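Structure file data.txt with compact mmCIF, N, CA and C atoms and all ligand atoms:
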```
# COMPACT_ATOMS: atom_id res chain seq x y z
N MET A 1 109.55 114.22 80.86
CA MET A 1 108.65 113.26 81.51
C MET A 1 107.65 114.05 82.37
N LEU A 2 106.37 114.01 81.99
CA LEU A 2 105.35 114.78 82.70
C LEU A 2 104.57 113.85 83.62
N LYS A 3 104.73 114.01 84.91
CA LYS A 3 103.99 113.19 85.88
C LYS A 3 102.79 113.97 86.36
N THR A 4 101.73 113.26 86.67
CA THR A 4 100.58 113.91 87.29
C THR A 4 100.35 113.27 88.64
N VAL A 5 100.17 114.11 89.63
CA VAL A 5 100.12 113.67 91.01
C VAL A 5 98.86 114.21 91.66
N ALA A 6 98.19 113.37 92.46
CA ALA A 6 97.07 113.87 93.28
C ALA A 6 97.54 113.89 94.73
N LEU A 7 97.20 114.95 95.44
CA LEU A 7 97.54 115.06 96.85
C LEU A 7 96.26 115.18 97.67
N ALA A 8 96.26 114.54 98.85
CA ALA A 8 95.13 114.69 99.76
C ALA A 8 95.64 114.48 101.18
N SER A 9 94.97 115.12 102.12
CA SER A 9 95.37 114.97 103.53
C SER A 9 94.16 115.20 104.42
N ASP A 10 94.31 114.79 105.67
CA ASP A 10 93.34 115.25 106.69
C ASP A 10 93.92 116.53 107.30
N HIS A 11 93.31 116.99 108.39
CA HIS A 11 93.77 118.23 109.02
C HIS A 11 95.19 118.10 109.56
N GLY A 12 95.58 116.90 109.99
CA GLY A 12 96.92 116.68 110.54
C GLY A 12 98.00 116.78 109.48
N GLY A 13 97.61 116.65 108.23
CA GLY A 13 98.57 116.74 107.13
C GLY A 13 98.40 117.96 106.27
N TYR A 14 97.45 118.80 106.64
CA TYR A 14 97.09 119.95 105.78
C TYR A 14 98.29 120.87 105.50
N ALA A 15 99.02 121.23 106.54
CA ALA A 15 100.11 122.21 106.36
C ALA A 15 101.18 121.64 105.42
N LEU A 16 101.53 120.39 105.61
CA LEU A 16 102.55 119.78 104.75
C LEU A 16 102.02 119.63 103.32
N LYS A 17 100.76 119.27 103.18
CA LYS A 17 100.18 119.17 101.82
C LYS A 17 100.28 120.50 101.09
N GLU A 18 99.93 121.58 101.76
CA GLU A 18 99.99 122.90 101.12
C GLU A 18 101.42 123.21 100.67
N SER A 19 102.39 122.89 101.52
CA SER A 19 103.79 123.17 101.15
C SER A 19 104.23 122.30 99.98
N LEU A 20 103.78 121.04 99.95
CA LEU A 20 104.17 120.16 98.84
C LEU A 20 103.50 120.60 97.53
N CYS A 21 102.28 121.12 97.61
CA CYS A 21 101.63 121.67 96.39
C CYS A 21 102.46 122.82 95.84
N GLU A 22 102.90 123.71 96.72
CA GLU A 22 103.74 124.84 96.27
C GLU A 22 105.03 124.35 95.64
N HIS A 23 105.59 123.30 96.22
CA HIS A 23 106.83 122.73 95.70
C HIS A 23 106.61 122.16 94.29
N LEU A 24 105.50 121.44 94.09
CA LEU A 24 105.21 120.86 92.77
C LEU A 24 104.96 121.96 91.74
N LEU A 25 104.27 123.01 92.18
CA LEU A 25 104.03 124.15 91.29
C LEU A 25 105.36 124.76 90.85
N PHE A 26 106.25 124.95 91.80
CA PHE A 26 107.57 125.51 91.54
C PHE A 26 108.36 124.63 90.55
N LYS A 27 108.17 123.30 90.69
CA LYS A 27 108.90 122.36 89.82
C LYS A 27 108.17 122.08 88.51
N ASN A 28 107.03 122.74 88.32
CA ASN A 28 106.28 122.55 87.08
C ASN A 28 105.75 121.12 86.90
N ILE A 29 105.43 120.48 88.00
CA ILE A 29 104.85 119.13 87.95
C ILE A 29 103.34 119.29 88.13
N ARG A 30 102.57 118.70 87.21
CA ARG A 30 101.11 118.85 87.27
C ARG A 30 100.56 118.10 88.47
N TYR A 31 99.64 118.72 89.19
CA TYR A 31 99.05 118.05 90.34
C TYR A 31 97.59 118.44 90.51
N ILE A 32 96.87 117.58 91.23
CA ILE A 32 95.49 117.85 91.61
C ILE A 32 95.46 117.85 93.13
N ASP A 33 94.86 118.88 93.71
CA ASP A 33 94.73 118.96 95.17
C ASP A 33 93.31 118.52 95.55
N LEU A 34 93.22 117.37 96.22
CA LEU A 34 91.91 116.80 96.57
C LEU A 34 91.50 117.14 98.00
N GLY A 35 92.10 118.14 98.58
CA GLY A 35 91.73 118.56 99.94
C GLY A 35 92.51 117.79 101.00
N THR A 36 92.24 118.04 102.21
CA THR A 36 91.31 118.96 102.80
C THR A 36 91.81 120.41 102.62
N ASN A 37 90.96 121.37 102.89
CA ASN A 37 91.34 122.74 102.57
C ASN A 37 91.47 123.66 103.79
N SER A 38 91.55 123.05 104.98
CA SER A 38 91.77 123.86 106.18
C SER A 38 92.21 122.91 107.31
N GLU A 39 92.43 123.49 108.48
CA GLU A 39 92.83 122.66 109.62
C GLU A 39 91.64 122.18 110.44
N GLU A 40 90.45 122.38 109.92
CA GLU A 40 89.24 121.86 110.58
C GLU A 40 89.26 120.33 110.54
N ALA A 41 88.87 119.71 111.65
CA ALA A 41 88.98 118.24 111.75
C ALA A 41 88.10 117.53 110.72
N VAL A 42 88.72 116.56 110.04
CA VAL A 42 88.03 115.73 109.04
C VAL A 42 88.49 114.29 109.27
N ASP A 43 87.96 113.36 108.48
CA ASP A 43 88.26 111.93 108.68
C ASP A 43 89.17 111.42 107.56
N TYR A 44 90.35 110.89 107.94
CA TYR A 44 91.34 110.51 106.92
C TYR A 44 90.85 109.45 105.92
N PRO A 45 89.93 108.52 106.27
CA PRO A 45 89.53 107.54 105.24
C PRO A 45 88.88 108.21 104.01
N ASP A 46 88.23 109.35 104.22
CA ASP A 46 87.58 110.03 103.09
C ASP A 46 88.61 110.50 102.06
N PHE A 47 89.79 110.85 102.53
CA PHE A 47 90.81 111.38 101.62
C PHE A 47 91.59 110.26 100.94
N ALA A 48 91.73 109.15 101.64
CA ALA A 48 92.29 107.95 100.97
C ALA A 48 91.35 107.52 99.86
N HIS A 49 90.05 107.62 100.12
CA HIS A 49 89.05 107.24 99.12
C HIS A 49 89.13 108.16 97.89
N SER A 50 89.31 109.45 98.11
CA SER A 50 89.43 110.39 96.98
C SER A 50 90.62 110.05 96.10
N ILE A 51 91.75 109.75 96.73
CA ILE A 51 92.96 109.40 95.96
C ILE A 51 92.71 108.09 95.20
N SER A 52 92.04 107.16 95.86
CA SER A 52 91.79 105.86 95.22
C SER A 52 90.94 106.04 93.96
N LYS A 53 89.96 106.93 94.02
CA LYS A 53 89.10 107.17 92.85
C LYS A 53 89.91 107.80 91.72
N SER A 54 90.76 108.74 92.06
CA SER A 54 91.55 109.45 91.06
C SER A 54 92.53 108.50 90.35
N LEU A 55 93.13 107.60 91.12
CA LEU A 55 94.04 106.61 90.52
C LEU A 55 93.26 105.61 89.67
N LYS A 56 92.12 105.19 90.17
CA LYS A 56 91.30 104.21 89.45
C LYS A 56 90.88 104.75 88.08
N LYS A 57 90.52 106.04 88.06
CA LYS A 57 90.09 106.67 86.80
C LYS A 57 91.28 107.04 85.91
N ARG A 58 92.48 106.78 86.41
CA ARG A 58 93.73 107.11 85.71
C ARG A 58 93.85 108.62 85.41
N GLU A 59 93.29 109.42 86.32
CA GLU A 59 93.48 110.88 86.21
C GLU A 59 94.92 111.24 86.54
N VAL A 60 95.53 110.42 87.41
CA VAL A 60 96.90 110.68 87.86
C VAL A 60 97.68 109.38 87.87
N GLU A 61 99.01 109.53 87.88
CA GLU A 61 99.88 108.36 87.96
C GLU A 61 100.22 108.01 89.40
N PHE A 62 100.34 109.06 90.24
CA PHE A 62 100.78 108.86 91.62
C PHE A 62 99.93 109.68 92.59
N GLY A 63 99.90 109.19 93.85
CA GLY A 63 99.20 109.90 94.90
C GLY A 63 100.13 110.25 96.05
N VAL A 64 99.78 111.30 96.75
CA VAL A 64 100.46 111.69 97.99
C VAL A 64 99.38 111.81 99.05
N LEU A 65 99.54 111.09 100.15
CA LEU A 65 98.57 111.15 101.25
C LEU A 65 99.28 111.54 102.53
N ILE A 66 98.63 112.36 103.32
CA ILE A 66 99.25 112.83 104.57
C ILE A 66 98.18 112.90 105.66
N CYS A 67 98.48 112.29 106.80
CA CYS A 67 97.69 112.56 108.01
C CYS A 67 98.69 112.88 109.11
N GLY A 68 98.27 112.94 110.35
CA GLY A 68 99.19 113.34 111.41
C GLY A 68 100.41 112.45 111.51
N THR A 69 100.16 111.15 111.59
CA THR A 69 101.26 110.19 111.68
C THR A 69 101.55 109.49 110.36
N GLY A 70 100.61 109.54 109.44
CA GLY A 70 100.71 108.77 108.19
C GLY A 70 100.16 107.35 108.34
N ILE A 71 99.88 106.95 109.57
CA ILE A 71 99.49 105.56 109.80
C ILE A 71 98.04 105.31 109.39
N GLY A 72 97.13 106.12 109.89
CA GLY A 72 95.71 105.90 109.60
C GLY A 72 95.43 105.95 108.10
N ILE A 73 96.00 106.93 107.45
CA ILE A 73 95.72 107.12 106.03
C ILE A 73 96.39 106.03 105.18
N SER A 74 97.50 105.46 105.68
CA SER A 74 98.13 104.30 105.00
C SER A 74 97.24 103.08 105.10
N ILE A 75 96.72 102.85 106.30
CA ILE A 75 95.84 101.69 106.51
C ILE A 75 94.63 101.82 105.58
N ALA A 76 94.07 103.02 105.54
CA ALA A 76 92.88 103.24 104.70
C ALA A 76 93.22 103.03 103.22
N ALA A 77 94.32 103.60 102.76
CA ALA A 77 94.66 103.54 101.33
C ALA A 77 94.93 102.11 100.88
N ASN A 78 95.58 101.34 101.74
CA ASN A 78 95.96 99.98 101.34
C ASN A 78 94.79 99.00 101.34
N ARG A 79 93.60 99.45 101.68
CA ARG A 79 92.41 98.60 101.53
C ARG A 79 91.96 98.53 100.08
N TYR A 80 92.45 99.45 99.25
CA TYR A 80 92.06 99.46 97.82
C TYR A 80 93.07 98.62 97.04
N LYS A 81 92.55 97.69 96.24
CA LYS A 81 93.44 96.72 95.58
C LYS A 81 94.41 97.36 94.60
N HIS A 82 94.03 98.47 94.02
CA HIS A 82 94.91 99.09 93.02
C HIS A 82 95.91 100.06 93.65
N ILE A 83 95.92 100.13 94.98
CA ILE A 83 96.86 101.04 95.66
C ILE A 83 97.95 100.25 96.39
N ARG A 84 99.17 100.71 96.20
CA ARG A 84 100.28 100.26 97.04
C ARG A 84 100.84 101.54 97.68
N ALA A 85 100.40 101.77 98.92
CA ALA A 85 100.76 103.02 99.62
C ALA A 85 101.91 102.74 100.57
N ALA A 86 102.95 103.58 100.49
CA ALA A 86 104.14 103.41 101.32
C ALA A 86 104.31 104.61 102.26
N LEU A 87 104.31 104.31 103.54
CA LEU A 87 104.58 105.34 104.55
C LEU A 87 106.09 105.51 104.63
N VAL A 88 106.59 106.66 104.22
CA VAL A 88 108.04 106.83 104.16
C VAL A 88 108.49 107.90 105.16
N HIS A 89 109.77 107.80 105.50
CA HIS A 89 110.34 108.69 106.53
C HIS A 89 111.48 109.52 105.99
N ASP A 90 112.02 109.11 104.83
CA ASP A 90 113.23 109.75 104.32
C ASP A 90 113.40 109.38 102.84
N THR A 91 114.47 109.88 102.23
CA THR A 91 114.68 109.63 100.80
C THR A 91 114.97 108.16 100.51
N SER A 92 115.61 107.46 101.46
CA SER A 92 115.92 106.03 101.22
C SER A 92 114.66 105.21 101.14
N THR A 93 113.74 105.40 102.09
CA THR A 93 112.50 104.61 102.06
C THR A 93 111.64 105.04 100.86
N ALA A 94 111.70 106.31 100.49
CA ALA A 94 110.94 106.77 99.32
C ALA A 94 111.44 106.07 98.05
N LYS A 95 112.76 106.01 97.90
CA LYS A 95 113.35 105.39 96.70
C LYS A 95 113.06 103.89 96.67
N LEU A 96 113.27 103.23 97.82
CA LEU A 96 113.04 101.77 97.87
C LEU A 96 111.57 101.41 97.66
N SER A 97 110.66 102.30 98.07
CA SER A 97 109.23 102.00 97.89
C SER A 97 108.87 101.95 96.40
N ARG A 98 109.61 102.67 95.57
CA ARG A 98 109.41 102.58 94.12
C ARG A 98 110.17 101.38 93.55
N GLN A 99 111.44 101.24 93.92
CA GLN A 99 112.27 100.19 93.32
C GLN A 99 111.76 98.79 93.66
N HIS A 100 111.39 98.57 94.91
CA HIS A 100 111.03 97.22 95.36
C HIS A 100 109.53 96.96 95.41
N ASN A 101 108.77 98.00 95.69
CA ASN A 101 107.33 97.80 95.96
C ASN A 101 106.43 98.39 94.88
N ASP A 102 107.01 99.08 93.92
CA ASP A 102 106.21 99.76 92.89
C ASP A 102 105.09 100.57 93.53
N ALA A 103 105.40 101.23 94.63
CA ALA A 103 104.38 102.04 95.33
C ALA A 103 103.83 103.10 94.38
N ASN A 104 102.52 103.27 94.40
CA ASN A 104 101.93 104.34 93.59
C ASN A 104 101.39 105.48 94.46
N VAL A 105 101.47 105.30 95.77
CA VAL A 105 101.08 106.38 96.69
C VAL A 105 102.19 106.52 97.75
N ILE A 106 102.65 107.73 97.94
CA ILE A 106 103.64 108.01 99.00
C ILE A 106 102.88 108.67 100.15
N VAL A 107 103.19 108.22 101.36
CA VAL A 107 102.47 108.71 102.54
C VAL A 107 103.46 109.34 103.52
N PHE A 108 103.05 110.47 104.10
CA PHE A 108 103.86 111.13 105.12
C PHE A 108 103.06 111.34 106.39
N GLY A 109 103.75 111.37 107.50
CA GLY A 109 103.17 111.81 108.76
C GLY A 109 103.43 113.31 108.86
N GLY A 110 102.40 114.10 108.67
CA GLY A 110 102.58 115.55 108.62
C GLY A 110 103.09 116.16 109.91
N ARG A 111 102.85 115.45 111.02
CA ARG A 111 103.31 115.98 112.31
C ARG A 111 104.68 115.43 112.68
N LEU A 112 105.22 114.57 111.81
CA LEU A 112 106.47 113.88 112.14
C LEU A 112 107.62 114.17 111.19
N VAL A 113 107.28 114.53 109.97
CA VAL A 113 108.32 114.71 108.94
C VAL A 113 108.39 116.19 108.57
N ASN A 114 109.62 116.74 108.49
CA ASN A 114 109.69 118.15 108.12
C ASN A 114 109.63 118.33 106.61
N PHE A 115 109.36 119.56 106.19
CA PHE A 115 109.11 119.83 104.78
C PHE A 115 110.30 119.45 103.90
N ASN A 116 111.51 119.76 104.33
CA ASN A 116 112.67 119.48 103.47
C ASN A 116 112.82 117.99 103.20
N ILE A 117 112.62 117.19 104.23
CA ILE A 117 112.71 115.73 104.04
C ILE A 117 111.56 115.26 103.14
N ALA A 118 110.37 115.79 103.37
CA ALA A 118 109.21 115.37 102.58
C ALA A 118 109.38 115.75 101.11
N LYS A 119 109.84 116.94 100.82
CA LYS A 119 109.96 117.36 99.41
C LYS A 119 111.06 116.57 98.70
N ASP A 120 112.17 116.31 99.39
CA ASP A 120 113.24 115.51 98.77
C ASP A 120 112.76 114.07 98.55
N SER A 121 111.98 113.56 99.49
CA SER A 121 111.45 112.19 99.37
C SER A 121 110.46 112.11 98.22
N LEU A 122 109.60 113.12 98.09
CA LEU A 122 108.64 113.13 96.99
C LEU A 122 109.38 113.22 95.64
N ASP A 123 110.39 114.05 95.57
CA ASP A 123 111.14 114.19 94.31
C ASP A 123 111.75 112.86 93.89
N ILE A 124 112.36 112.18 94.82
CA ILE A 124 113.03 110.91 94.46
C ILE A 124 111.99 109.84 94.15
N PHE A 125 110.87 109.87 94.85
CA PHE A 125 109.77 108.93 94.58
C PHE A 125 109.30 109.09 93.13
N LEU A 126 109.14 110.33 92.69
CA LEU A 126 108.58 110.58 91.34
C LEU A 126 109.58 110.28 90.23
N ARG A 127 110.87 110.25 90.56
CA ARG A 127 111.81 110.00 89.46
C ARG A 127 112.43 108.60 89.52
N THR A 128 111.95 107.73 90.41
CA THR A 128 112.52 106.39 90.52
C THR A 128 111.57 105.37 89.91
N ASP A 129 112.14 104.47 89.10
CA ASP A 129 111.33 103.41 88.47
C ASP A 129 111.32 102.14 89.32
N PHE A 130 110.32 101.33 89.07
CA PHE A 130 110.23 100.00 89.69
C PHE A 130 111.33 99.11 89.09
N ASP A 131 111.99 98.30 89.93
CA ASP A 131 113.06 97.41 89.47
C ASP A 131 112.52 96.18 88.75
N GLY A 132 111.28 95.77 89.03
CA GLY A 132 110.73 94.56 88.40
C GLY A 132 111.47 93.31 88.89
N GLY A 133 111.65 92.32 87.99
CA GLY A 133 112.39 91.10 88.32
C GLY A 133 111.82 90.39 89.52
N ARG A 134 112.68 90.09 90.49
CA ARG A 134 112.25 89.31 91.65
C ARG A 134 111.15 90.04 92.44
N HIS A 135 111.13 91.35 92.32
CA HIS A 135 110.12 92.12 93.05
C HIS A 135 108.73 91.99 92.42
N GLN A 136 108.69 91.81 91.10
CA GLN A 136 107.41 91.62 90.43
C GLN A 136 106.73 90.35 90.92
N LYS A 137 107.53 89.29 91.09
CA LYS A 137 106.98 88.01 91.58
C LYS A 137 106.31 88.20 92.94
N ARG A 138 106.91 89.03 93.77
CA ARG A 138 106.36 89.27 95.11
C ARG A 138 105.10 90.13 95.05
N LEU A 139 105.10 91.10 94.14
CA LEU A 139 103.89 91.91 93.96
C LEU A 139 102.74 91.03 93.46
N ASP A 140 103.07 90.09 92.56
CA ASP A 140 102.03 89.19 92.03
C ASP A 140 101.37 88.42 93.15
N LYS A 141 102.16 88.06 94.15
CA LYS A 141 101.60 87.29 95.28
C LYS A 141 100.62 88.11 96.13
N LEU A 142 100.74 89.44 96.05
CA LEU A 142 99.81 90.28 96.82
C LEU A 142 98.39 90.17 96.28
N SER A 143 98.28 89.90 94.99
CA SER A 143 96.94 89.84 94.41
C SER A 143 96.55 88.39 94.14
C1 LIG B 201 94.06 113.17 113.59
O1 LIG B 201 94.11 113.80 114.81
C2 LIG B 201 95.03 111.98 113.55
O2 LIG B 201 94.53 110.94 114.31
C3 LIG B 201 95.26 111.54 112.13
O3 LIG B 201 95.78 112.61 111.40
C4 LIG B 201 96.22 110.41 111.92
O4 LIG B 201 97.44 110.66 112.57
C5 LIG B 201 95.72 109.05 112.15
O5 LIG B 201 96.41 108.05 111.93
```

Take the structure from the file and write it as structure tokens.
Ligand code: RB5
Amino acid sequence: MLKTVALASDHGGYALKESLCEHLLFKNIRYIDLGTNSEEAVDYPDFAHSISKSLKKREVEFGVLICGTGIGISIAANRYKHIRAALVHDTSTAKLSRQHNDANVIVFGGRLVNFNIAKDSLDIFLRTDFDGGRHQKRLDKLS
């Protein structure tokens, strides 16, 4: 199963994004790095927008977004109708965001979550399917 993932962050998520890119490379999972490319201050809505374009064009199946807390970039990402972005804290919320919410973007707070938790959460996110059923009815109500 070959997944393609796009990652993007602001400066607050840059360090964690770089580590997660290395992790995906190590695991042989194809990814696109949409920036940012340093710790210089940038605006998180621009990076939510980049991920939204990549998903819209179906270049990737899933997105990873990171800002300092994960909050701003979640708010920005969820303004796009084709995005269901889940701010997760651990492997349980990562798994449930796929099973119950069919999340297509996983979000981390780069200043709040350590690398080991983030990489384990990303791994479980990428290998968990949506449960459908009663959850599909609820997703339908979102649109
Ligand atoms: C940037 O300093 C910080 O505000 C941003 O990364 C994010 O945490 C906003 O929600």

| Option closest in space to ligand LIG 201 (chain B), from A:Tyr44, A:Tyr31, A:Tyr80, A:Phe26 [counting only N, CA and C atoms and all ligand atoms] |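 Smallest distance to ligand LIG 201 (chain B) is found for A:Tyr44.
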
| task | Could you please give me, as a PyMOL selection string, the residues of protein, DNA or RNA lying at most 7 Å from (104.1, 103.3, 104.4) in the coordinate frame of the file, considering only N, CA and C atoms? | result | chain A and resi 70+74+85-88+106-107

| request: Write out as a PyMOL selection string all residues of range 89-119 of chain A that backbone DSSP assigns to alpha helix (DSSP H). | output: chain A and resi 91-99+115-119

| At what distance in Å, to one decimal, does CA of Gly109 in chain A lie from CA of Glu40 in chain A? |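 These two atoms are separated by 17.3 Å.
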
| Mind pulling up the distance from atom C of Arg111 in chain A to CA of Ile73 in chain A? |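 We find that CA of Ile73 in chain A and atom C of Arg111 in chain A lie 13.9 Å from each other.
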
| request: Would you mind listing the residues within 6 Å of ligand LIG 201 (chain B), counting all atoms listed in the file, as a PyMOL selection string? | output: chain A and resi 10-13+67-73

| task | Looking only at strand (DSSP E or B) from DSSP on the backbone, list the matching residues of chain A as a ChimeraX atom specification. | result | /A:4-9,30-33,62-67,85-87,105-109

| Do you know which residues lie at most 8 Å from (92.2, 105.6, 98.6), with coordinates as in the file and only N, CA and C atoms counted, and could you write them as number ranges by chain? | A: 45-55, 73, 76-80, 83

Residues from the last selection, N, CA and C atoms, saved as a CSV table (one decimal), in the coordinates of the input:
```csv
chain,number,residue,atom,x,y,z
A,45,PRO,N,89.9,108.5,106.3
A,45,PRO,CA,89.5,107.5,105.2
A,45,PRO,C,88.9,108.2,104.0
A,46,ASP,N,88.2,109.4,104.2
A,46,ASP,CA,87.6,110.0,103.1
A,46,ASP,C,88.6,110.5,102.1
A,47,PHE,N,89.8,110.8,102.5
A,47,PHE,CA,90.8,111.4,101.6
A,47,PHE,C,91.6,110.3,100.9
A,48,ALA,N,91.7,109.2,101.6
A,48,ALA,CA,92.3,108.0,101.0
A,48,ALA,C,91.4,107.5,99.9
A,49,HIS,N,90.0,107.6,100.1
A,49,HIS,CA,89.0,107.2,99.1
A,49,HIS,C,89.1,108.2,97.9
A,50,SER,N,89.3,109.4,98.1
A,50,SER,CA,89.4,110.4,97.0
A,50,SER,C,90.6,110.0,96.1
A,51,ILE,N,91.8,109.8,96.7
A,51,ILE,CA,93.0,109.4,96.0
A,51,ILE,C,92.7,108.1,95.2
A,52,SER,N,92.0,107.2,95.9
A,52,SER,CA,91.8,105.9,95.2
A,52,SER,C,90.9,106.0,94.0
A,53,LYS,N,90.0,106.9,94.0
A,53,LYS,CA,89.1,107.2,92.8
A,53,LYS,C,89.9,107.8,91.7
A,54,SER,N,90.8,108.7,92.1
A,54,SER,CA,91.6,109.4,91.1
A,54,SER,C,92.5,108.5,90.4
A,55,LEU,N,93.1,107.6,91.1
A,55,LEU,CA,94.0,106.6,90.5
A,55,LEU,C,93.3,105.6,89.7
A,73,ILE,N,96.0,106.9,107.4
A,73,ILE,CA,95.7,107.1,106.0
A,73,ILE,C,96.4,106.0,105.2
A,76,ALA,N,94.1,103.0,105.5
A,76,ALA,CA,92.9,103.2,104.7
A,76,ALA,C,93.2,103.0,103.2
A,77,ALA,N,94.3,103.6,102.8
A,77,ALA,CA,94.7,103.5,101.3
A,77,ALA,C,94.9,102.1,100.9
A,78,ASN,N,95.6,101.3,101.7
A,78,ASN,CA,96.0,100.0,101.3
A,78,ASN,C,94.8,99.0,101.3
A,79,ARG,N,93.6,99.4,101.7
A,79,ARG,CA,92.4,98.6,101.5
A,79,ARG,C,92.0,98.5,100.1
A,80,TYR,N,92.4,99.4,99.2
A,80,TYR,CA,92.1,99.5,97.8
A,80,TYR,C,93.1,98.6,97.0
A,83,ILE,N,95.9,100.1,95.0
A,83,ILE,CA,96.9,101.0,95.7
A,83,ILE,C,98.0,100.2,96.4
```

| Best match for closeness to Asn28 in chain A among A:Phe115, A:Lys3, A:Glu59, A:Ala103, counting all atoms listed in the file |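 Closest to Asn28 in chain A of all the choices is A:Lys3.
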
| message | Just the number, please: distance in Å from CA of Lys56 in chain A to CA of Lys81 in chain A, one decimal. | response | 9.9 Å

| request: Show which residues sit within 7 Å of Gln99 in chain A, as a list in words. Count all atoms listed in the file, and ignore same-chain residues fewer than 2 positions away. | output: Ala94, Lys95, Leu96, Ser97, Asn101, Asp102, Ala103, Thr128, Asp129, Phe130, Asp131, Gly132 and His135 of chain A

Please report, as AutoDock Vina command-line options, the centre and edge lengths in Å to one decimal of an axis-aligned box covering all listed atoms of range 98-112 of chain A with 4 Å per side.
```
--center_x 106.7 --center_y 106.6 --center_z 102.8 --size_x 19.2 --size_y 27.2 --size_z 27.8
```

| request: May I have the residues within 8 Å of Ala15 in chain A as an MDAnalysis selection string, using all atoms listed in the file and disregarding those fewer than 4 positions away in the same chain? | output: chainID A and resid 9:11 19:21 38:39 110

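The shortest atom-to-atom distance to Asn104 in chain A, with only C-alpha atoms taken into account, belongs to A:Arg84 out of A:Asn116, A:Arg84, A:Ser121, A:Gly35.
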
| field | Using only N, CA and C atoms: which of A:Leu24, A:Leu16, A:Arg98, A:Glu61 has the shortest distance to Ile124 in chain A | value |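 Looking only at the distances to Ile124 in chain A, the closest residue turns out to be A:Arg98.
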
| field | Nearest to Glu22 in chain A by atom-to-atom distance, counting only C-alpha atoms, from A:Val60, A:Val105, A:Leu7, A:Leu112 | value |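 Selected residue with least distance to Glu22 in chain A: A:Leu7.
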